[in-house]
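Visitor: Provided herewith: start-v2.txt, compact mmCIF, C-alpha atoms and all ligand atoms.
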# COMPACT_ATOMS: atom_id res chain seq x y z
CA MET C 26 -11.39 62.25 -13.06
CA SER C 27 -9.82 58.75 -13.07
CA ASN C 28 -6.35 58.32 -14.58
CA LYS C 29 -7.28 54.78 -15.64
CA GLY C 30 -8.15 54.21 -19.29
CA LEU C 31 -11.59 54.04 -20.87
CA VAL C 32 -13.10 50.55 -21.06
CA VAL C 33 -15.91 49.74 -23.51
CA ILE C 34 -18.10 46.73 -22.70
CA THR C 35 -20.74 45.39 -25.07
CA GLY C 36 -23.73 43.48 -23.70
CA ALA C 37 -23.29 45.01 -20.24
CA SER C 38 -27.02 44.93 -19.45
CA SER C 39 -26.90 41.45 -17.87
CA GLY C 40 -24.78 38.42 -16.98
CA ILE C 41 -21.06 38.43 -17.71
CA GLY C 42 -21.00 41.92 -19.22
CA GLU C 43 -22.70 43.41 -16.16
CA ALA C 44 -20.24 41.63 -13.83
CA ALA C 45 -17.30 42.84 -15.93
CA ALA C 46 -18.67 46.41 -15.79
CA ARG C 47 -18.78 46.27 -11.98
CA SER C 48 -15.22 44.88 -11.81
CA PHE C 49 -13.69 47.50 -14.14
CA SER C 50 -15.60 50.23 -12.32
CA GLN C 51 -14.30 49.02 -8.95
CA ALA C 52 -10.79 49.13 -10.40
CA GLY C 53 -11.37 52.83 -11.16
CA HIS C 54 -11.95 52.82 -14.93
CA PRO C 55 -14.32 55.14 -16.74
CA LEU C 56 -16.74 53.04 -18.78
CA LEU C 57 -18.78 53.05 -21.94
CA LEU C 58 -21.52 50.43 -21.59
CA LEU C 59 -23.43 49.26 -24.66
CA ALA C 60 -26.56 47.14 -25.08
CA ARG C 61 -30.08 47.44 -26.47
CA ARG C 62 -31.72 47.58 -23.01
CA LEU C 63 -30.54 51.05 -21.98
CA GLU C 64 -32.60 51.03 -18.78
CA ARG C 65 -30.64 47.98 -17.52
CA LEU C 66 -27.33 49.75 -18.17
CA GLU C 67 -28.48 52.90 -16.39
CA ALA C 68 -29.81 50.89 -13.44
CA LEU C 69 -26.22 49.84 -12.65
CA LYS C 70 -25.56 53.46 -11.60
CA LEU C 71 -21.79 53.12 -12.00
CA PRO C 72 -19.68 56.28 -11.62
CA ASN C 73 -17.81 57.82 -14.60
CA THR C 74 -19.95 55.79 -16.97
CA ILE C 75 -21.68 56.57 -20.24
CA CYS C 76 -24.51 54.20 -21.18
CA GLU C 77 -25.64 54.01 -24.80
CA LYS C 78 -28.41 52.06 -26.49
CA VAL C 79 -26.46 50.28 -29.21
CA ASP C 80 -27.12 47.21 -31.33
CA VAL C 81 -23.67 45.72 -32.00
CA THR C 82 -24.75 44.58 -35.46
CA ASP C 83 -24.74 48.28 -36.42
CA ARG C 84 -21.12 49.44 -36.67
CA ASP C 85 -22.08 53.12 -36.99
CA GLN C 86 -23.94 53.00 -33.67
CA ILE C 87 -20.84 51.60 -31.94
CA LYS C 88 -18.65 54.23 -33.63
CA SER C 89 -20.77 57.21 -32.52
CA ALA C 90 -20.96 55.91 -28.95
CA VAL C 91 -17.18 55.42 -28.81
CA GLU C 92 -16.53 58.90 -30.26
CA LYS C 93 -18.80 60.43 -27.60
CA ALA C 94 -17.07 58.54 -24.75
CA GLU C 95 -13.55 59.31 -26.04
CA LYS C 96 -14.38 63.04 -26.03
CA GLN C 97 -15.12 62.78 -22.32
CA TYR C 98 -12.64 60.15 -21.10
CA GLY C 99 -9.84 59.96 -23.69
CA PRO C 100 -8.96 57.05 -25.97
CA VAL C 101 -10.28 53.52 -25.50
CA ASP C 102 -7.80 51.45 -23.51
CA CYS C 103 -9.80 48.22 -23.57
CA LEU C 104 -12.76 46.84 -25.50
CA VAL C 105 -14.62 43.84 -24.07
CA ASN C 106 -16.61 42.29 -26.93
CA ASN C 107 -19.08 40.38 -24.77
CA ALA C 108 -22.52 40.75 -26.41
CA GLY C 109 -23.77 37.41 -27.68
CA VAL C 110 -26.80 35.23 -28.26
CA MET C 111 -27.21 31.46 -27.98
CA LEU C 112 -30.23 30.11 -29.85
CA LEU C 113 -29.96 26.34 -29.62
CA GLY C 114 -31.61 24.11 -32.22
CA GLN C 115 -31.35 21.24 -34.69
CA CYS C 116 -30.22 22.29 -38.13
CA ASP C 117 -33.16 20.75 -40.02
CA THR C 118 -35.86 22.34 -37.88
CA GLN C 119 -34.44 25.60 -36.57
CA ASP C 120 -35.62 28.85 -38.15
CA PRO C 121 -32.64 30.09 -40.20
CA LYS C 122 -33.42 33.61 -38.92
CA GLU C 123 -31.97 32.40 -35.62
CA TRP C 124 -28.74 31.39 -37.38
CA GLU C 125 -28.60 34.82 -38.96
CA GLN C 126 -29.04 36.51 -35.59
CA MET C 127 -26.21 34.46 -34.05
CA VAL C 128 -23.91 35.16 -36.99
CA GLN C 129 -24.75 38.86 -36.92
CA VAL C 130 -24.30 39.34 -33.16
CA ASN C 131 -21.62 36.77 -32.26
CA ILE C 132 -19.40 37.26 -35.33
CA MET C 133 -20.23 40.59 -36.98
CA GLY C 134 -20.86 42.30 -33.62
CA VAL C 135 -17.36 41.37 -32.45
CA LEU C 136 -15.74 42.38 -35.76
CA ASN C 137 -17.65 45.67 -35.69
CA GLY C 138 -16.28 46.51 -32.25
CA ILE C 139 -12.74 45.61 -33.34
CA HIS C 140 -13.05 47.74 -36.47
CA VAL C 141 -14.12 50.79 -34.49
CA VAL C 142 -11.22 50.77 -31.97
CA LEU C 143 -8.28 48.90 -33.52
CA ALA C 144 -6.87 51.62 -35.79
CA GLY C 145 -6.62 54.06 -32.85
CA MET C 146 -4.97 51.43 -30.66
CA LYS C 147 -2.40 50.65 -33.36
CA THR C 148 -1.60 54.36 -33.77
CA ARG C 149 -1.16 54.76 -30.01
CA ARG C 150 0.69 51.43 -29.83
CA HIS C 151 -1.37 50.48 -26.81
CA GLY C 152 -4.63 48.72 -26.11
CA THR C 153 -6.39 45.48 -25.28
CA ILE C 154 -9.28 43.74 -27.02
CA ILE C 155 -10.99 40.98 -25.06
CA ASN C 156 -13.48 38.74 -26.85
CA VAL C 157 -15.86 36.67 -24.76
CA SER C 158 -16.07 33.48 -26.77
CA SER C 159 -16.99 30.11 -25.24
CA VAL C 160 -15.76 26.61 -24.61
CA ALA C 161 -18.25 26.03 -27.46
CA GLY C 162 -15.55 27.70 -29.58
CA ARG C 163 -13.22 24.83 -28.70
CA LYS C 164 -15.48 21.75 -28.73
CA THR C 165 -18.99 20.90 -29.92
CA PHE C 166 -22.15 20.22 -27.91
CA PRO C 167 -25.60 18.81 -28.88
CA ASN C 168 -27.95 21.37 -30.50
CA HIS C 169 -25.14 23.96 -30.59
CA ALA C 170 -24.14 23.65 -34.30
CA VAL C 171 -24.49 27.26 -35.38
CA TYR C 172 -23.65 28.71 -31.95
CA CYS C 173 -20.44 26.62 -31.97
CA GLY C 174 -19.82 27.77 -35.55
CA THR C 175 -19.92 31.40 -34.44
CA LYS C 176 -17.68 30.84 -31.41
CA PHE C 177 -15.10 28.72 -33.33
CA SER C 178 -15.05 31.63 -35.78
CA VAL C 179 -14.27 34.13 -33.00
CA HIS C 180 -11.27 32.02 -31.97
CA ALA C 181 -10.03 31.82 -35.56
CA PHE C 182 -10.25 35.49 -36.49
CA THR C 183 -9.05 36.69 -33.08
CA GLU C 184 -5.85 34.69 -33.49
CA GLN C 185 -5.27 36.09 -36.97
CA ILE C 186 -5.99 39.71 -35.97
CA ARG C 187 -3.78 39.27 -32.90
CA GLU C 188 -0.90 38.37 -35.20
CA GLU C 189 -1.60 41.46 -37.35
CA ALA C 190 -1.68 43.75 -34.30
CA ALA C 191 1.14 42.21 -32.24
CA SER C 192 3.92 44.44 -33.58
CA TYR C 193 1.79 47.47 -32.59
CA ASP C 194 1.70 46.24 -28.96
CA VAL C 195 -2.06 45.67 -29.05
CA ARG C 196 -3.21 42.62 -27.11
CA PHE C 197 -6.01 40.23 -28.14
CA ILE C 198 -7.48 37.93 -25.50
CA ASN C 199 -10.14 35.22 -25.82
CA ILE C 200 -12.10 34.31 -22.72
CA ALA C 201 -13.88 30.97 -23.24
CA PRO C 202 -16.25 30.04 -20.42
CA GLY C 203 -18.25 26.88 -19.94
CA VAL C 204 -21.76 27.03 -18.48
CA VAL C 205 -22.50 30.27 -16.62
CA GLU C 206 -25.76 31.05 -14.81
CA THR C 207 -27.15 33.99 -16.87
CA GLU C 208 -30.09 34.89 -19.13
CA LEU C 209 -28.36 33.35 -22.16
CA LEU C 210 -30.44 30.15 -22.38
CA SER C 211 -33.75 32.01 -22.05
CA HIS C 212 -33.84 33.01 -25.74
CA THR C 213 -33.85 29.42 -27.06
CA THR C 214 -37.34 28.68 -28.40
CA SER C 215 -37.47 24.84 -28.09
CA THR C 216 -38.77 23.94 -24.61
CA LYS C 217 -37.39 20.39 -25.00
CA ILE C 218 -33.88 21.70 -25.65
CA VAL C 219 -34.17 24.19 -22.78
CA ASP C 220 -35.34 21.42 -20.42
CA ASP C 221 -32.50 19.07 -21.48
CA TYR C 222 -29.96 21.88 -21.03
CA LYS C 223 -31.31 22.66 -17.55
CA GLN C 224 -31.01 18.98 -16.63
CA TRP C 225 -27.40 18.92 -17.91
CA LYS C 226 -26.68 22.05 -15.85
CA LYS C 227 -28.23 20.43 -12.78
CA GLU C 228 -25.91 17.44 -13.15
CA MET C 229 -23.00 19.88 -13.03
CA SER C 230 -24.29 20.96 -9.62
CA GLN C 231 -22.51 24.32 -9.68
CA PRO C 232 -22.32 26.30 -12.93
CA LEU C 233 -19.95 29.26 -13.12
CA GLU C 234 -21.16 32.64 -11.87
CA SER C 235 -20.75 35.75 -14.00
CA GLU C 236 -18.25 37.07 -11.44
CA ASP C 237 -15.99 34.03 -12.09
CA VAL C 238 -15.75 35.06 -15.72
CA ALA C 239 -15.30 38.74 -14.81
CA ASN C 240 -12.37 37.68 -12.58
CA SER C 241 -10.71 35.95 -15.55
CA ILE C 242 -11.24 39.02 -17.72
CA MET C 243 -9.65 41.23 -15.04
CA PHE C 244 -6.76 38.79 -14.51
CA ALA C 245 -5.89 38.83 -18.21
CA TYR C 246 -6.37 42.59 -18.56
CA GLN C 247 -4.35 43.51 -15.48
CA GLN C 248 -1.16 41.78 -16.61
CA PRO C 249 1.61 44.16 -17.66
CA GLN C 250 1.15 45.29 -21.29
CA ARG C 251 4.12 43.08 -22.30
CA VAL C 252 2.09 40.00 -21.27
CA CYS C 253 -0.66 38.81 -23.58
CA ILE C 254 -2.78 36.03 -22.12
CA ARG C 255 -4.06 34.76 -25.44
CA GLU C 256 -6.79 32.54 -24.11
CA ILE C 257 -8.47 31.44 -20.91
CA VAL C 258 -10.84 28.46 -20.94
CA LEU C 259 -12.74 28.15 -17.66
CA CYS C 260 -15.52 25.68 -16.91
CA PRO C 261 -17.48 24.35 -13.98
CA THR C 262 -15.34 21.63 -12.46
CA ARG C 263 -17.97 18.99 -13.27
CA GLN C 264 -18.57 20.06 -16.88
CA ASP C 265 -17.56 17.40 -19.45
P1 LIG A 1 -26.84 37.30 -21.23
O1 LIG A 1 -27.96 36.89 -22.09
O2 LIG A 1 -27.07 37.57 -19.79
O3 LIG A 1 -26.10 38.57 -21.85
C1 LIG A 1 -26.00 38.78 -23.22
C2 LIG A 1 -25.75 40.26 -23.45
O4 LIG A 1 -25.61 40.48 -24.87
C3 LIG A 1 -26.89 41.13 -22.96
O5 LIG A 1 -26.37 42.21 -22.25
C4 LIG A 1 -27.56 41.60 -24.25
O6 LIG A 1 -28.05 42.93 -24.07
C5 LIG A 1 -26.38 41.62 -25.22
N1 LIG A 1 -26.81 41.57 -26.60
C6 LIG A 1 -27.43 40.56 -27.27
N2 LIG A 1 -27.68 40.93 -28.53
C7 LIG A 1 -27.20 42.19 -28.68
C8 LIG A 1 -27.16 43.11 -29.75
N3 LIG A 1 -27.67 42.82 -30.97
N4 LIG A 1 -26.58 44.32 -29.55
C9 LIG A 1 -26.08 44.64 -28.33
N5 LIG A 1 -26.08 43.81 -27.28
C10 LIG A 1 -26.64 42.60 -27.45
O7 LIG A 1 -25.75 36.14 -21.41
P2 LIG A 1 -24.23 35.98 -20.93
O8 LIG A 1 -23.82 37.02 -19.99
O9 LIG A 1 -24.09 34.56 -20.57
O10 LIG A 1 -23.47 36.18 -22.33
C11 LIG A 1 -22.36 37.04 -22.52
C12 LIG A 1 -21.39 36.37 -23.47
O11 LIG A 1 -20.86 35.19 -22.85
C13 LIG A 1 -22.00 35.91 -24.79
O12 LIG A 1 -21.12 36.22 -25.85
C14 LIG A 1 -22.12 34.41 -24.62
O13 LIG A 1 -22.09 33.74 -25.84
C15 LIG A 1 -20.90 34.13 -23.77
N6 LIG A 1 -20.93 32.86 -23.03
C16 LIG A 1 -21.92 32.59 -22.12
C17 LIG A 1 -21.96 31.36 -21.47
C18 LIG A 1 -23.05 30.97 -20.55
O14 LIG A 1 -23.17 29.76 -20.20
N7 LIG A 1 -23.87 31.89 -20.07
C19 LIG A 1 -20.91 30.36 -21.72
C20 LIG A 1 -19.91 30.76 -22.65
C21 LIG A 1 -19.92 31.96 -23.27
P3 LIG A 1 -29.44 43.50 -24.65
O15 LIG A 1 -30.40 42.36 -24.76
O16 LIG A 1 -29.82 44.54 -23.64
O17 LIG A 1 -29.06 44.10 -25.98
What is this structure when it is put down as structure tokens?
Guide:
Amino acid sequence: MSNKGLVVITGASSGIGEAAARSFSQAGHPLLLLARRLERLEALKLPNTICEKVDVTDRDQIKSAVEKAEKQYGPVDCLVNNAGVMLLGQCDTQDPKEWEQMVQVNIMGVLNGIHVVLAGMKTRRHGTIINVSSVAGRKTFPNHAVYCGTKFSVHAFTEQIREEAASYDVRFINIAPGVVETELLSHTTSTKIVDDYKQWKKEMSQPLESEDVANSIMFAYQQPQRVCIREIVLCPTRQD
């Protein structure tokens, strides 16, 4: 069995989470991968990996999955809170159910993950929590009002919780990417907004790849425990 610590990754069934899972696995970590599409997690066929069908809006589901993985691989060393949804829209016309979904997944999902692992990390005086936020947590973009609201929120509470956990030697890291080529845009219901976004992406010529973001996650994680990279913002070179 690996002597590297257990890494939990939410939203590992596609995009950035999947790339991060491959990177941590290559570095020799046992993994707990969480998402609703279990078949996509299992299709990765990564060694020393437990895959669980979990909706991050349900804290109890995260807790049972983590307890199961810790029995097999020991305590969680790192949690990557990556699961997220981006449902773009204009505030007067968008279905408020979409706002609720973004708030539930992008804010509550992250807080749920933190709540499940933080107490153990503080007791052990060791651990790393990495939240995949967005450059949309640092500046605003058209049609992104509620999405930006959720990502600005992640930056705000991460900084506060980092301060609470610092004296316990627990690290909090925000990774804030710009446009990455993944499935994220595909859930937006307005075809006009999707088309405009695709055009904007085209003008950038080369969006980030999921592996670029995974590399930033690994860079921050692999620093000595005394070093806390608090935030990385990475964007396509041509993004405004
Ligand atoms: P994807 O759509 O490819 O991945 C999103 C992941 O989140 C999927 O694995 C999905 O799994 C999971 N997910 C969504 N809802 C839930 C839920 N309720 N419970 C559990 N898992 C859930 O997009 P990305 O890889 O791009 O997104 C990953 C993160 O990166 C997100 O937080 C996103 O906001 C952020 N980001 C992305 C950028 C981009 O341009 N792509 C830019 C900046 C930040 P499943 O559906 O199987 O549950």
Visitor: Throw together the list of residues within 7 Å of ligand LIG 1 (chain A), counting only C-alpha atoms and all ligand atoms, and drop it here as a ChimeraX atom specification.
Guide: /C:35-42,59-63,79-82,107-111,130-131,157-161,201-209,235
Visitor: So which one's closest to Ala45 (chain C), C:Gln119, C:Gln248, C:Ser178, C:Asn106? Using all atoms listed in the file, please.
Guide: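 Using all atoms listed in the file, the shortest distance to Ala45 (chain C) belongs to C:Asn106.
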Visitor: Of the candidates C:Arg65, C:Cys260, C:Asn168, C:Met146, which one gets nearest to Thr118 (chain C) if we count all atoms listed in the file?
Guide: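 With all atoms listed in the file as the atom set, the closest residue is C:Asn168.
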Visitor: Quick one: what's the axis-aligned box for region 37-55 of chain C, all listed atoms, 4 Å on every side, centre and edges in Å to one decimal, as lines of an AutoDock Vina configuration file?
Guide:
center_x = -18.9
center_y = 46.8
center_z = -14.6
size_x = 24.2
size_y = 24.7
size_z = 19.3
Visitor: Quick one: distance from CA of Cys253 (chain C) to CA of Val33 (chain C) in Å, one decimal?
Guide: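 Straight-line distance from CA of Cys253 (chain C) to CA of Val33 (chain C) works out to 18.8 Å.
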Visitor: Quick one: distance from CA of Arg150 (chain C) to CA of Asp194 (chain C) in Å, one decimal?
Guide: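 Value for the CA of Arg150 (chain C)-CA of Asp194 (chain C) distance: 5.4 Å.
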Visitor: Hey, which of C:Phe197, C:Leu259, C:Glu92, C:Arg149 ends up closest to Asp237 (chain C)? Count only C-alpha atoms.
Guide: C:Leu259
Visitor: Rank C:Thr262, C:Ser50, C:Gln115, C:Gln224 by their smallest atom-to-atom distance to Ile34 (chain C), using all atoms listed in the file, and report the top residue only.
Guide: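 Nearest to Ile34 (chain C): C:Ser50.
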Visitor: Of the residues C:Asp120, C:Glu125, C:Glu234, C:Asp102, which is the one nearest to Leu31 (chain C), using only C-alpha atoms?
Guide: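 Of the candidates, the smallest distance to Leu31 (chain C) is held by C:Asp102.
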Visitor: Considering all atoms listed in the file, can you say which of C:Ile254, C:Val238, C:Pro121, C:Leu210 comes closest to Glu184 (chain C)?
Guide: C:Ile254
Visitor: Can you work out the spacing between CA of Leu112 (chain C) and CA of Gln126 (chain C) in Å, to one decimal?
Guide: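 So the answer is 8.7 Å.
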